[in-house]
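Enquirer: So that you have it, the file is structure.cif, and it contains mmCIF, C-alpha atoms:
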```cif
data_input
loop_
_atom_site.label_atom_id
_atom_site.label_comp_id
_atom_site.auth_asym_id
_atom_site.auth_seq_id
_atom_site.Cartn_x
_atom_site.Cartn_y
_atom_site.Cartn_z
CA MET A 75 22.25 -85.76 22.65
CA SER A 76 22.19 -87.07 26.12
CA ASP A 77 23.69 -83.78 27.32
CA SER A 78 20.80 -81.72 25.86
CA THR A 79 18.01 -83.89 27.28
CA SER A 80 19.39 -84.54 30.84
CA PRO A 81 17.64 -82.53 33.57
CA ALA A 82 19.47 -79.64 35.17
CA PRO A 83 21.03 -80.49 38.53
CA LEU A 84 19.05 -79.42 41.59
CA SER A 85 20.48 -76.65 43.72
CA SER A 86 21.66 -78.21 46.99
CA SER A 87 21.71 -74.91 48.91
CA LYS A 88 18.03 -73.84 48.99
CA ALA A 89 16.52 -76.77 50.94
CA PRO A 90 18.98 -76.75 53.78
CA GLU A 91 18.69 -72.95 54.14
CA GLY A 92 14.90 -73.10 54.41
CA HIS A 93 15.15 -75.92 56.96
CA LEU A 94 17.50 -73.90 59.13
CA ASP A 95 15.17 -70.88 59.03
CA ASN A 96 12.27 -73.00 60.31
CA LEU A 97 14.38 -74.39 63.15
CA SER A 98 15.48 -70.89 64.10
CA LYS A 99 11.89 -69.66 64.31
CA LEU A 100 10.88 -72.70 66.37
CA HIS A 101 13.75 -72.07 68.78
CA ARG A 102 12.81 -68.44 69.30
CA MET A 103 9.22 -69.41 69.96
CA SER A 104 10.10 -72.11 72.49
CA ARG A 105 11.98 -69.66 74.72
CA THR A 106 8.85 -67.60 75.45
CA ALA A 107 6.15 -70.26 75.12
CA GLY A 108 3.97 -70.79 78.23
CA LEU A 109 4.99 -67.59 80.07
CA GLY A 110 2.53 -64.83 80.94
CA SER A 111 3.12 -61.14 80.97
CA THR A 112 4.28 -61.19 84.66
CA ASP A 113 6.42 -63.68 86.63
CA TYR A 114 5.15 -65.40 89.86
CA ALA A 115 6.81 -64.40 93.18
CA ALA A 116 6.45 -66.68 96.23
CA VAL A 117 5.66 -65.34 99.73
CA ASN A 118 8.64 -65.79 102.00
CA VAL A 119 7.89 -68.33 104.74
CA ALA A 120 10.11 -66.59 107.30
CA ALA A 121 8.19 -63.34 106.74
CA VAL A 122 4.90 -65.09 107.48
CA MET A 123 6.39 -66.62 110.63
CA THR A 124 7.60 -63.17 111.74
CA ALA A 125 4.09 -61.74 111.38
CA VAL A 126 2.60 -64.62 113.38
CA LEU A 127 5.21 -64.26 116.14
CA GLY A 128 4.59 -60.51 116.19
CA VAL A 129 0.93 -61.11 117.04
CA ALA A 130 1.85 -63.83 119.58
CA SER A 131 4.26 -61.41 121.27
CA PHE A 132 1.23 -59.96 123.06
CA LEU A 133 1.66 -62.84 125.52
CA ALA A 134 4.85 -61.18 126.75
CA VAL A 135 2.66 -58.46 128.27
CA VAL A 136 0.86 -61.13 130.31
CA SER A 137 4.06 -62.68 131.67
CA PRO A 138 7.76 -61.94 131.10
CA ILE A 139 8.32 -65.67 130.61
CA PHE A 140 6.89 -65.23 127.10
CA LEU A 141 9.60 -62.72 126.11
CA ILE A 142 11.18 -65.60 124.20
CA ILE A 143 8.46 -65.14 121.55
CA PRO A 144 9.40 -61.60 120.41
CA VAL A 145 13.10 -62.46 120.66
CA VAL A 146 12.64 -65.38 118.26
CA GLY A 147 10.42 -63.16 116.10
CA VAL A 148 13.16 -60.54 115.73
CA VAL A 149 15.72 -63.17 114.70
CA ILE A 150 13.41 -64.72 112.11
CA GLY A 151 12.32 -61.26 110.91
CA ILE A 152 15.91 -60.26 110.16
CA ILE A 153 16.41 -63.50 108.25
CA ALA A 154 13.20 -62.89 106.31
CA ILE A 155 14.22 -59.37 105.27
CA ARG A 156 17.60 -60.61 104.05
CA GLN A 157 16.01 -63.44 102.07
CA VAL A 158 13.40 -61.22 100.40
CA HIS A 159 15.94 -58.50 99.66
CA GLY A 160 18.33 -60.99 98.08
CA SER A 161 15.72 -62.87 96.05
CA SER A 162 15.87 -60.45 93.06
CA GLY A 163 12.11 -60.08 93.13
CA THR A 164 11.26 -63.81 93.22
CA GLN A 165 9.98 -63.56 96.83
CA THR A 166 7.60 -61.17 98.60
CA GLY A 167 6.74 -60.61 102.25
CA MET A 168 8.87 -57.59 103.12
CA THR A 169 5.84 -55.79 104.56
CA LEU A 170 4.87 -58.80 106.69
CA ALA A 171 8.40 -59.08 108.04
CA ILE A 172 8.60 -55.38 108.91
CA LEU A 173 5.20 -55.33 110.60
CA GLY A 174 6.11 -58.46 112.57
CA LEU A 175 9.37 -56.88 113.69
CA ILE A 176 7.55 -53.73 114.82
CA ALA A 177 5.04 -55.77 116.84
CA CYS A 178 7.83 -57.82 118.45
CA GLY A 179 9.71 -54.65 119.33
CA LEU A 180 6.68 -52.88 120.81
CA PHE A 181 5.49 -55.77 122.98
CA SER A 182 8.97 -56.71 124.19
CA GLY A 183 9.78 -53.04 124.89
CA PHE A 184 6.58 -52.57 126.89
CA THR A 185 7.22 -55.74 128.88
CA GLY A 186 10.81 -54.74 129.52
CA TYR A 187 9.75 -51.31 130.76
CA LYS A 188 7.09 -52.81 133.02
CA THR A 189 9.60 -55.27 134.47
CA TYR A 190 12.11 -52.47 135.03
CA ALA A 191 9.47 -50.29 136.73
CA LYS A 192 8.50 -53.15 139.05
CA ASP A 193 12.12 -53.78 139.90
CA GLN A 194 12.65 -50.12 140.76
CA GLU A 195 9.48 -50.10 142.85
CA ARG A 196 10.63 -53.17 144.74
CA LYS A 197 14.04 -51.62 145.43
CA ALA A 198 12.35 -48.47 146.74
CA ASP A 199 10.07 -50.57 148.97
CA GLU A 200 13.00 -52.56 150.34
CA ALA A 201 14.95 -49.39 151.10
CA ALA A 202 11.90 -47.90 152.88
CA LEU A 203 11.41 -51.07 154.94
CA VAL A 204 15.07 -51.23 155.98
CA SER A 205 14.88 -47.56 157.01
CA LEU A 206 11.65 -48.20 158.95
CA VAL A 207 13.23 -51.04 160.93
CA ASP A 208 16.25 -48.88 161.70
CA GLN A 209 14.08 -45.98 162.92
CA PHE A 210 11.99 -48.28 165.07
CA GLY A 211 15.09 -49.86 166.60
CA GLN A 212 16.64 -46.48 167.37
CA ALA A 213 13.45 -45.28 169.07
CA VAL A 214 13.18 -48.43 171.22
CA ALA A 215 16.90 -48.29 172.08
CA LYS A 216 16.42 -44.70 173.31
CA GLU A 217 13.31 -45.88 175.18
CA ASP A 218 11.31 -43.36 173.18
CA TYR A 219 8.33 -45.69 172.99
CA ALA A 220 5.97 -42.93 171.90
CA ALA A 221 8.04 -42.36 168.74
CA ALA A 222 8.29 -46.12 168.13
CA TYR A 223 4.53 -46.47 168.59
CA GLN A 224 3.90 -43.96 165.81
CA LEU A 225 5.74 -46.23 163.38
CA LEU A 226 3.12 -48.93 163.95
CA ASP A 227 0.21 -49.52 161.60
CA ALA A 228 -3.22 -48.18 162.61
CA ARG A 229 -4.60 -51.71 162.94
CA PHE A 230 -1.77 -52.60 165.32
CA ARG A 231 -2.45 -49.49 167.43
CA ASP A 232 -6.17 -50.31 167.53
CA ARG A 233 -5.33 -53.74 168.89
CA VAL A 234 -2.47 -52.85 171.25
CA PRO A 235 -2.75 -49.64 173.29
CA THR A 236 0.33 -47.56 173.94
CA THR A 237 0.49 -48.55 177.62
CA GLN A 238 0.59 -52.25 176.78
CA PHE A 239 3.20 -51.62 174.10
CA GLU A 240 5.51 -49.78 176.50
CA LYS A 241 5.03 -52.27 179.36
CA PHE A 242 6.10 -55.12 177.08
CA PHE A 243 9.56 -53.66 176.62
CA VAL A 244 9.96 -52.23 180.15
CA GLU A 245 8.48 -55.05 182.24
CA ARG A 246 9.09 -58.12 180.11
CA MET A 247 11.95 -57.54 177.69
CA LYS A 248 14.36 -55.41 179.71
CA PRO A 249 14.54 -57.58 182.88
CA TYR A 250 15.36 -60.66 180.80
CA THR A 251 17.46 -59.35 177.89
CA GLY A 252 18.71 -56.07 179.21
CA ALA A 253 18.55 -52.91 177.16
CA ILE A 254 17.66 -53.21 173.49
CA LYS A 255 20.46 -51.84 171.33
CA GLY A 256 18.63 -51.81 168.01
CA PHE A 257 16.83 -53.65 165.23
CA LYS A 258 18.58 -54.68 162.01
CA SER A 259 16.67 -55.97 158.98
CA SER A 260 18.08 -58.76 156.82
CA GLY A 261 17.11 -56.71 153.75
CA LEU A 262 15.18 -59.63 152.28
CA PHE A 263 11.42 -59.20 152.07
CA ILE A 264 8.44 -61.04 150.67
CA ILE A 265 6.20 -58.35 149.22
CA ASP A 266 2.62 -59.14 148.21
CA GLN A 267 0.68 -56.81 145.93
CA ALA A 268 -2.69 -57.37 147.64
CA ALA A 269 -2.41 -59.54 150.69
CA ASP A 270 -5.19 -58.22 152.89
CA ASP A 271 -8.91 -57.68 152.55
CA ALA A 272 -8.54 -54.09 151.37
CA GLY A 273 -6.08 -54.93 148.61
CA ILE A 274 -3.30 -53.04 150.39
CA ARG A 275 0.27 -54.22 149.91
CA MET A 276 1.90 -56.26 152.64
CA ALA A 277 5.47 -57.36 153.29
CA GLN A 278 7.30 -59.69 155.62
CA GLY A 279 10.96 -59.91 156.54
CA SER A 280 13.35 -61.20 159.15
CA THR A 281 14.84 -58.80 161.71
CA MET A 282 17.60 -59.33 164.25
CA VAL A 283 17.11 -57.63 167.63
CA SER A 284 20.37 -56.74 169.34
CA VAL A 285 20.11 -56.85 173.14
CA GLU A 286 22.44 -56.35 176.07
CA LYS A 287 22.38 -59.63 178.02
CA THR A 288 21.59 -62.40 175.54
CA ALA A 289 22.31 -63.33 171.97
CA GLU A 290 20.50 -61.58 169.14
CA ILE A 291 16.81 -62.37 168.85
CA ARG A 292 15.37 -63.26 165.47
CA LEU A 293 11.99 -61.69 164.84
CA ASP A 294 9.72 -61.98 161.81
CA VAL A 295 8.13 -58.60 161.21
CA THR A 296 5.08 -57.92 159.03
CA TYR A 297 4.57 -54.58 157.29
CA ARG A 298 1.65 -52.84 155.62
CA LEU A 299 1.64 -50.05 153.04
CA ALA A 300 -1.16 -47.58 153.67
CA ALA A 301 -1.51 -44.12 152.12
CA GLY A 302 1.86 -44.57 150.42
CA LYS A 303 3.71 -45.18 153.71
CA TRP A 304 5.13 -48.43 155.07
CA GLN A 305 4.39 -49.14 158.74
CA ILE A 306 4.90 -52.10 161.07
CA PHE A 307 1.83 -54.30 161.01
CA ASN A 308 2.97 -56.91 163.51
CA LEU A 309 6.09 -57.75 165.53
CA GLY A 310 6.28 -61.51 165.14
CA GLU A 311 4.59 -63.23 168.05
CA TRP A 312 5.30 -60.54 170.59
CA PHE A 313 1.81 -59.09 170.20
CA PRO A 314 -0.32 -61.89 168.67
CA ALA A 315 -3.84 -61.15 167.55
CA GLN A 316 -6.08 -63.44 169.56
CA GLN A 317 -9.42 -64.75 168.43
CA GLY A 318 -12.13 -63.67 170.82
CA PRO A 319 -15.82 -62.73 170.67
CA GLY A 320 -14.85 -59.65 168.70
CA GLY A 321 -12.70 -61.54 166.19
CA PRO A 322 -8.98 -60.85 165.76
CA GLY A 323 -7.86 -58.59 168.57
CA GLY A 324 -11.23 -58.97 170.24
CA SER A 325 -11.94 -59.04 173.92
CA GLY A 326 -11.23 -62.72 174.35
CA GLY A 327 -7.40 -62.73 174.22
CA SER A 328 -4.23 -61.10 175.37
CA GLY A 329 -4.19 -59.04 172.21
CA ALA A 330 -7.34 -57.21 173.21
CA PRO A 331 -7.08 -53.43 173.58
CA GLY A 332 -6.37 -52.52 177.19
CA ALA A 333 -5.46 -56.08 178.23
CA PRO A 334 -2.36 -56.26 180.45
CA PRO A 335 0.64 -58.21 179.13
CA GLN A 336 0.59 -61.85 180.13
CA PRO A 337 3.45 -62.97 182.40
CA GLN A 338 6.06 -65.09 180.67
CA MET A 339 9.62 -65.89 181.68
CA ASP A 340 11.22 -65.74 178.24
CA PRO A 341 10.00 -62.91 175.97
CA THR A 342 12.26 -64.16 173.19
CA GLN A 343 9.94 -67.12 172.70
CA PRO A 344 6.59 -66.86 170.88
CA MET A 345 3.74 -65.77 173.09
CA GLY A 346 1.05 -68.39 173.35
CA PRO A 347 -2.69 -67.84 173.75
CA ALA A 348 -3.86 -66.44 177.00
CA ALA A 349 -4.69 -69.08 179.58
#
```
Could you write out this file's structure as C-alpha cells?
Expert:
Amino acid sequence: MSDSTSPAPLSSSKAPEGHLDNLSKLHRMSRTAGLGSTDYAAVNVAAVMTAVLGVASFLAVVSPIFLIIPVVGVVIGIIAIRQVHGSSGTQTGMTLAILGLIACGLFSGFTGYKTYAKDQERKADEAALVSLVDQFGQAVAKEDYAAAYQLLDARFRDRVPTTQFEKFFVERMKPYTGAIKGFKSSGLFIIDQAADDAGIRMAQGSTMVSVEKTAEIRLDVTYRLAAGKWQIFNLGEWFPAQQGPGGPGGSGGSGAPGAPPQPQMDPTQPMGPAA
C-alpha cells in the first residue's frame, strides 16, 4: 500500500542541466559586455614629439647650432614608426611621425647645404687672397710698382697717389731693409660679410714681408671685395688714413693725396700721425 501511494522520485538530472545552460549564456554575454563596435587606439607620444620637433627644426635655418633639433627629431621619429607599426593597430600617429621626419630632413638638409656653400665660398676667398698677396709681393720684388698699384683698392688709390706709393718703397723701405723679396700670407683671414658703409665684404690677415737686410716684417693687411674682385684696402700702418678737414685721407694728414712721405728712420714700425 505504501508503495502505491508514495510519490515518484524527482529526476536529479533536469535541474543541474538547466543551471549549467544559464551559466553558459551568462559567460558568453560577459565576454562582449561593455565593448562598442570599434576598439580605441591611442596616439603614439613619440609620433607627436616628432611632429613638434619637425616644426621646431626651422630654427636650424636661422643658426646651425640648432641642427641638434632635427637630429633628435629623426631619432624619435624612427622610434615612433617602429612603435606604431608593432602595436597591432592599438596605436596611431604614423602620419604625424612621417611628416615630422620629412620636416626634419628638409630643414637639416637646407641648413647643411647652406653651411657647405659658405664653407666653399670661404675657401675660394682665402685662395684668392693668398694669390693676391703673392702677386703683390712679386710685383714689388720686381720693382714693378705700377703693377702692384693696380692691385690696390680704389679707395686706397684715391688716398695715396702712385708717386707717394712708389717713393715709400724706394726712398724709405729699400735704404733700411734692402730689396723686398716678396710677401707671404699666413693663409688665415678674418672675413666680414658687411664691414664697411656700403655693405661690401672685407677681410684682414697677417702677411710676412721678406726683405734683404733685416728679419721678416709682419704686416697686417686689410682687403676689400668690390665687383667680385679682392683688392688690397690697406697695408697695415704703412699708409695710415689720417683725419683731417676732409675726413679720412683728407688734407690734414700724411695720408692726404699728393702729400710727400714723412721721414722716419724705421719703416718697419707703424707710422704715426704727421707732426
Enquirer: By how many Å are CA of Gln305 (chain A) and CA of Glu290 (chain A) apart?
Expert: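 Atom-to-atom, CA of Gln305 (chain A) to CA of Glu290 (chain A), that is 22.9 Å.
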Enquirer: Which residues, named as in the file, does the PyMOL selection byres ((chain A and resi 133) around 12) pick out? Answer as a ChimeraX atom specification.
Expert: /A:127-132,134-144,177-178,181-182,184-185
Enquirer: Just how far from CA of Gly310 (chain A) is CA of Ala215 (chain A), in Å to one decimal?
Expert: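 Interatomic distance, CA of Ala215 (chain A) to CA of Gly310 (chain A): 18.3 Å.
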Enquirer: Would you compute the distance between CA of Lys248 (chain A) and CA of Gly261 (chain A)? Give it in Å to one decimal.
Expert: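 Pair CA of Lys248 (chain A) / CA of Gly261 (chain A) returns 26.1 Å.
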Enquirer: Taking only C-alpha atoms into account, name the residue in A:Gly279, A:Gly211, A:Gly252, A:Gly186 that is nearest to Ile265 (chain A).
Expert: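 Comparing A:Gly279, A:Gly211, A:Gly252, A:Gly186 against Ile265 (chain A), the winner is A:Gly279.
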Enquirer: Given the file shown, determine the residues that the PyMOL selection byres ((chain A and resi 283-289) around 8) selects; report them as a list of chain:residue names.
Expert: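 Checking the PyMOL selection byres ((chain A and resi 283-289) around 8) against this file, the residues are A:Tyr250, A:Thr251, A:Gly252, A:Ala253, A:Ile254, A:Lys255, A:Gly256, A:Phe257, A:Lys258, A:Thr281, A:Met282, A:Glu290, A:Ile291, A:Arg292, A:Leu293.
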Enquirer: Please produce a file of those selected residues containing C-alpha atoms, as a PDB file, in the coordinates of the input.
Expert:
```
ATOM      1  CA  TYR A 250      15.360 -60.660 180.800  1.00  0.00           C
ATOM      2  CA  THR A 251      17.460 -59.350 177.890  1.00  0.00           C
ATOM      3  CA  GLY A 252      18.710 -56.070 179.210  1.00  0.00           C
ATOM      4  CA  ALA A 253      18.550 -52.910 177.160  1.00  0.00           C
ATOM      5  CA  ILE A 254      17.660 -53.210 173.490  1.00  0.00           C
ATOM      6  CA  LYS A 255      20.460 -51.840 171.330  1.00  0.00           C
ATOM      7  CA  GLY A 256      18.630 -51.810 168.010  1.00  0.00           C
ATOM      8  CA  PHE A 257      16.830 -53.650 165.230  1.00  0.00           C
ATOM      9  CA  LYS A 258      18.580 -54.680 162.010  1.00  0.00           C
ATOM     10  CA  THR A 281      14.840 -58.800 161.710  1.00  0.00           C
ATOM     11  CA  MET A 282      17.600 -59.330 164.250  1.00  0.00           C
ATOM     12  CA  GLU A 290      20.500 -61.580 169.140  1.00  0.00           C
ATOM     13  CA  ILE A 291      16.810 -62.370 168.850  1.00  0.00           C
ATOM     14  CA  ARG A 292      15.370 -63.260 165.470  1.00  0.00           C
ATOM     15  CA  LEU A 293      11.990 -61.690 164.840  1.00  0.00           C
TER      16      LEU A 293
END
```
Enquirer: Mind giving me the axis-aligned box for region 184-199 of chain A with 8 Å on every side, centre plus edges in Å to one decimal, as JSON?
Expert:
```
{"center_x": 10.3, "center_y": -52.1, "center_z": 137.9, "size_x": 23.5, "size_y": 23.3, "size_z": 38.1}
```
Enquirer: Pull out every residue that the PyMOL selection byres ((chain A and resi 146-151) around 8) matches in the shown coordinates and put them as a list in words.
Expert: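 For this structure, the PyMOL selection byres ((chain A and resi 146-151) around 8) captures Ala120, Ala121, Met123, Thr124, Leu127, Gly128, Ile142, Ile143, Pro144, Val145, Ile152, Ile153, Ala154, Ile155, Ala171, Ile172, Gly174, Leu175, Cys178 and Gly179 of chain A.
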Enquirer: Got a sec: who's within 9 Å of Phe243 (chain A), counting only C-alpha atoms, leaving out chain neighbours fewer than 6 positions off, as a list of chain:residue names?
Expert: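 Residues meeting the cut-off are A:Val214, A:Glu217, A:Tyr219, A:Pro249, A:Ile254.
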Enquirer: With C-alpha atoms retained, could you export that selection as a PDB file, in the coordinates of the input?
Expert:
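Ended up saving to result.pdb:
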```
ATOM      1  CA  VAL A 214      13.180 -48.430 171.220  1.00  0.00           C
ATOM      2  CA  GLU A 217      13.310 -45.880 175.180  1.00  0.00           C
ATOM      3  CA  TYR A 219       8.330 -45.690 172.990  1.00  0.00           C
ATOM      4  CA  PRO A 249      14.540 -57.580 182.880  1.00  0.00           C
ATOM      5  CA  ILE A 254      17.660 -53.210 173.490  1.00  0.00           C
TER       6      ILE A 254
END
```
Enquirer: Please work out which residues fall within 6 Å of (-2.3, -56.8, 161.9), coordinates as given in the file, with all atoms listed in the file counting, and return them as JSON, numbers by chain.
Expert: {"A": [229, 230, 307, 308]}
Enquirer: Please list as a list in words every residue within 8 Å of Ala115 (chain A), counting all atoms listed in the file and excluding residues in the same chain fewer than 4 positions away.
Expert: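 In the requested format, the answer is Gly163, Thr164, Gln165 and Thr166 of chain A.
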Enquirer: Restrict the selected residues to C-alpha atoms and save them as a PDB file, keeping the file's coordinate frame.
Expert:
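Dumped everything to again-v8.pdb:
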```pdb
ATOM      1  CA  GLY A 163      12.110 -60.080  93.130  1.00  0.00           C
ATOM      2  CA  THR A 164      11.260 -63.810  93.220  1.00  0.00           C
ATOM      3  CA  GLN A 165       9.980 -63.560  96.830  1.00  0.00           C
ATOM      4  CA  THR A 166       7.600 -61.170  98.600  1.00  0.00           C
TER       5      THR A 166
END
```
Enquirer: Which one of A:Asp218, A:Val122, A:Gly167, A:Gln278 sits closest to Val244 (chain A) if you count all atoms listed in the file?
Expert: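 Counting all atoms listed in the file, the residue closest to Val244 (chain A) is A:Asp218.
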Enquirer: Since fewer atoms than expected are present, regenerate all heavy atoms for region 256-266 of chain A and write them as a short mmCIF file (atom, residue, chain, number, x, y, z; two decimals), in the coordinates of the input.
Expert:
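Output file selection05.cif is given in full below:
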```cif
data_model
loop_
_atom_site.label_atom_id
_atom_site.label_comp_id
_atom_site.auth_asym_id
_atom_site.auth_seq_id
_atom_site.Cartn_x
_atom_site.Cartn_y
_atom_site.Cartn_z
N GLY A 256 19.12 -52.19 169.32
CA GLY A 256 18.63 -51.81 168.01
C GLY A 256 18.04 -52.98 167.25
O GLY A 256 18.16 -54.14 167.65
N PHE A 257 17.41 -52.66 166.13
CA PHE A 257 16.83 -53.65 165.23
C PHE A 257 17.59 -53.55 163.89
O PHE A 257 17.86 -52.45 163.42
CB PHE A 257 15.34 -53.36 164.98
CG PHE A 257 14.44 -53.75 166.11
CD1 PHE A 257 14.62 -53.23 167.39
CD2 PHE A 257 13.39 -54.63 165.90
CE1 PHE A 257 13.79 -53.57 168.43
CE2 PHE A 257 12.54 -54.98 166.93
CZ PHE A 257 12.74 -54.46 168.20
N LYS A 258 17.90 -54.68 163.31
CA LYS A 258 18.58 -54.68 162.01
C LYS A 258 17.88 -55.66 161.07
O LYS A 258 17.81 -56.85 161.34
CB LYS A 258 20.05 -55.08 162.17
CG LYS A 258 20.83 -55.01 160.87
CD LYS A 258 22.29 -55.37 161.08
CE LYS A 258 23.07 -55.29 159.77
NZ LYS A 258 24.50 -55.66 159.97
N SER A 259 17.37 -55.13 159.96
CA SER A 259 16.67 -55.97 158.98
C SER A 259 17.67 -56.76 158.14
O SER A 259 18.79 -56.31 157.89
CB SER A 259 15.80 -55.12 158.07
OG SER A 259 15.27 -55.88 157.01
N SER A 260 17.25 -57.95 157.71
CA SER A 260 18.08 -58.76 156.82
C SER A 260 18.13 -58.18 155.41
O SER A 260 19.00 -58.53 154.61
CB SER A 260 17.55 -60.20 156.76
OG SER A 260 16.26 -60.22 156.16
N GLY A 261 17.18 -57.30 155.09
CA GLY A 261 17.11 -56.71 153.75
C GLY A 261 16.38 -57.56 152.74
O GLY A 261 16.20 -57.16 151.59
N LEU A 262 15.93 -58.73 153.16
CA LEU A 262 15.18 -59.63 152.28
C LEU A 262 13.71 -59.62 152.70
O LEU A 262 13.40 -59.90 153.86
CB LEU A 262 15.75 -61.05 152.34
CG LEU A 262 17.22 -61.19 151.95
CD1 LEU A 262 17.69 -62.63 152.17
CD2 LEU A 262 17.43 -60.78 150.50
N PHE A 263 12.85 -59.33 151.75
CA PHE A 263 11.42 -59.20 152.07
C PHE A 263 10.58 -59.98 151.06
O PHE A 263 10.94 -60.09 149.88
CB PHE A 263 11.00 -57.73 152.06
CG PHE A 263 11.77 -56.87 153.01
CD1 PHE A 263 12.87 -56.16 152.58
CD2 PHE A 263 11.37 -56.76 154.33
CE1 PHE A 263 13.59 -55.35 153.44
CE2 PHE A 263 12.08 -55.96 155.21
CZ PHE A 263 13.20 -55.25 154.77
N ILE A 264 9.47 -60.47 151.54
CA ILE A 264 8.44 -61.04 150.67
C ILE A 264 7.34 -59.99 150.58
O ILE A 264 6.69 -59.68 151.58
CB ILE A 264 7.90 -62.36 151.23
CG1 ILE A 264 9.01 -63.39 151.33
CG2 ILE A 264 6.77 -62.89 150.34
CD1 ILE A 264 8.57 -64.69 152.01
N ILE A 265 7.16 -59.44 149.40
CA ILE A 265 6.20 -58.35 149.22
C ILE A 265 5.05 -58.85 148.37
O ILE A 265 5.23 -59.32 147.26
CB ILE A 265 6.87 -57.13 148.56
CG1 ILE A 265 8.05 -56.64 149.41
CG2 ILE A 265 5.86 -56.00 148.36
CD1 ILE A 265 8.82 -55.50 148.79
N ASP A 266 3.83 -58.74 148.92
CA ASP A 266 2.62 -59.14 148.21
C ASP A 266 1.90 -57.89 147.73
O ASP A 266 1.81 -56.89 148.45
CB ASP A 266 1.70 -59.96 149.12
CG ASP A 266 2.34 -61.27 149.54
OD1 ASP A 266 3.07 -61.84 148.72
OD2 ASP A 266 2.11 -61.70 150.68
#
```
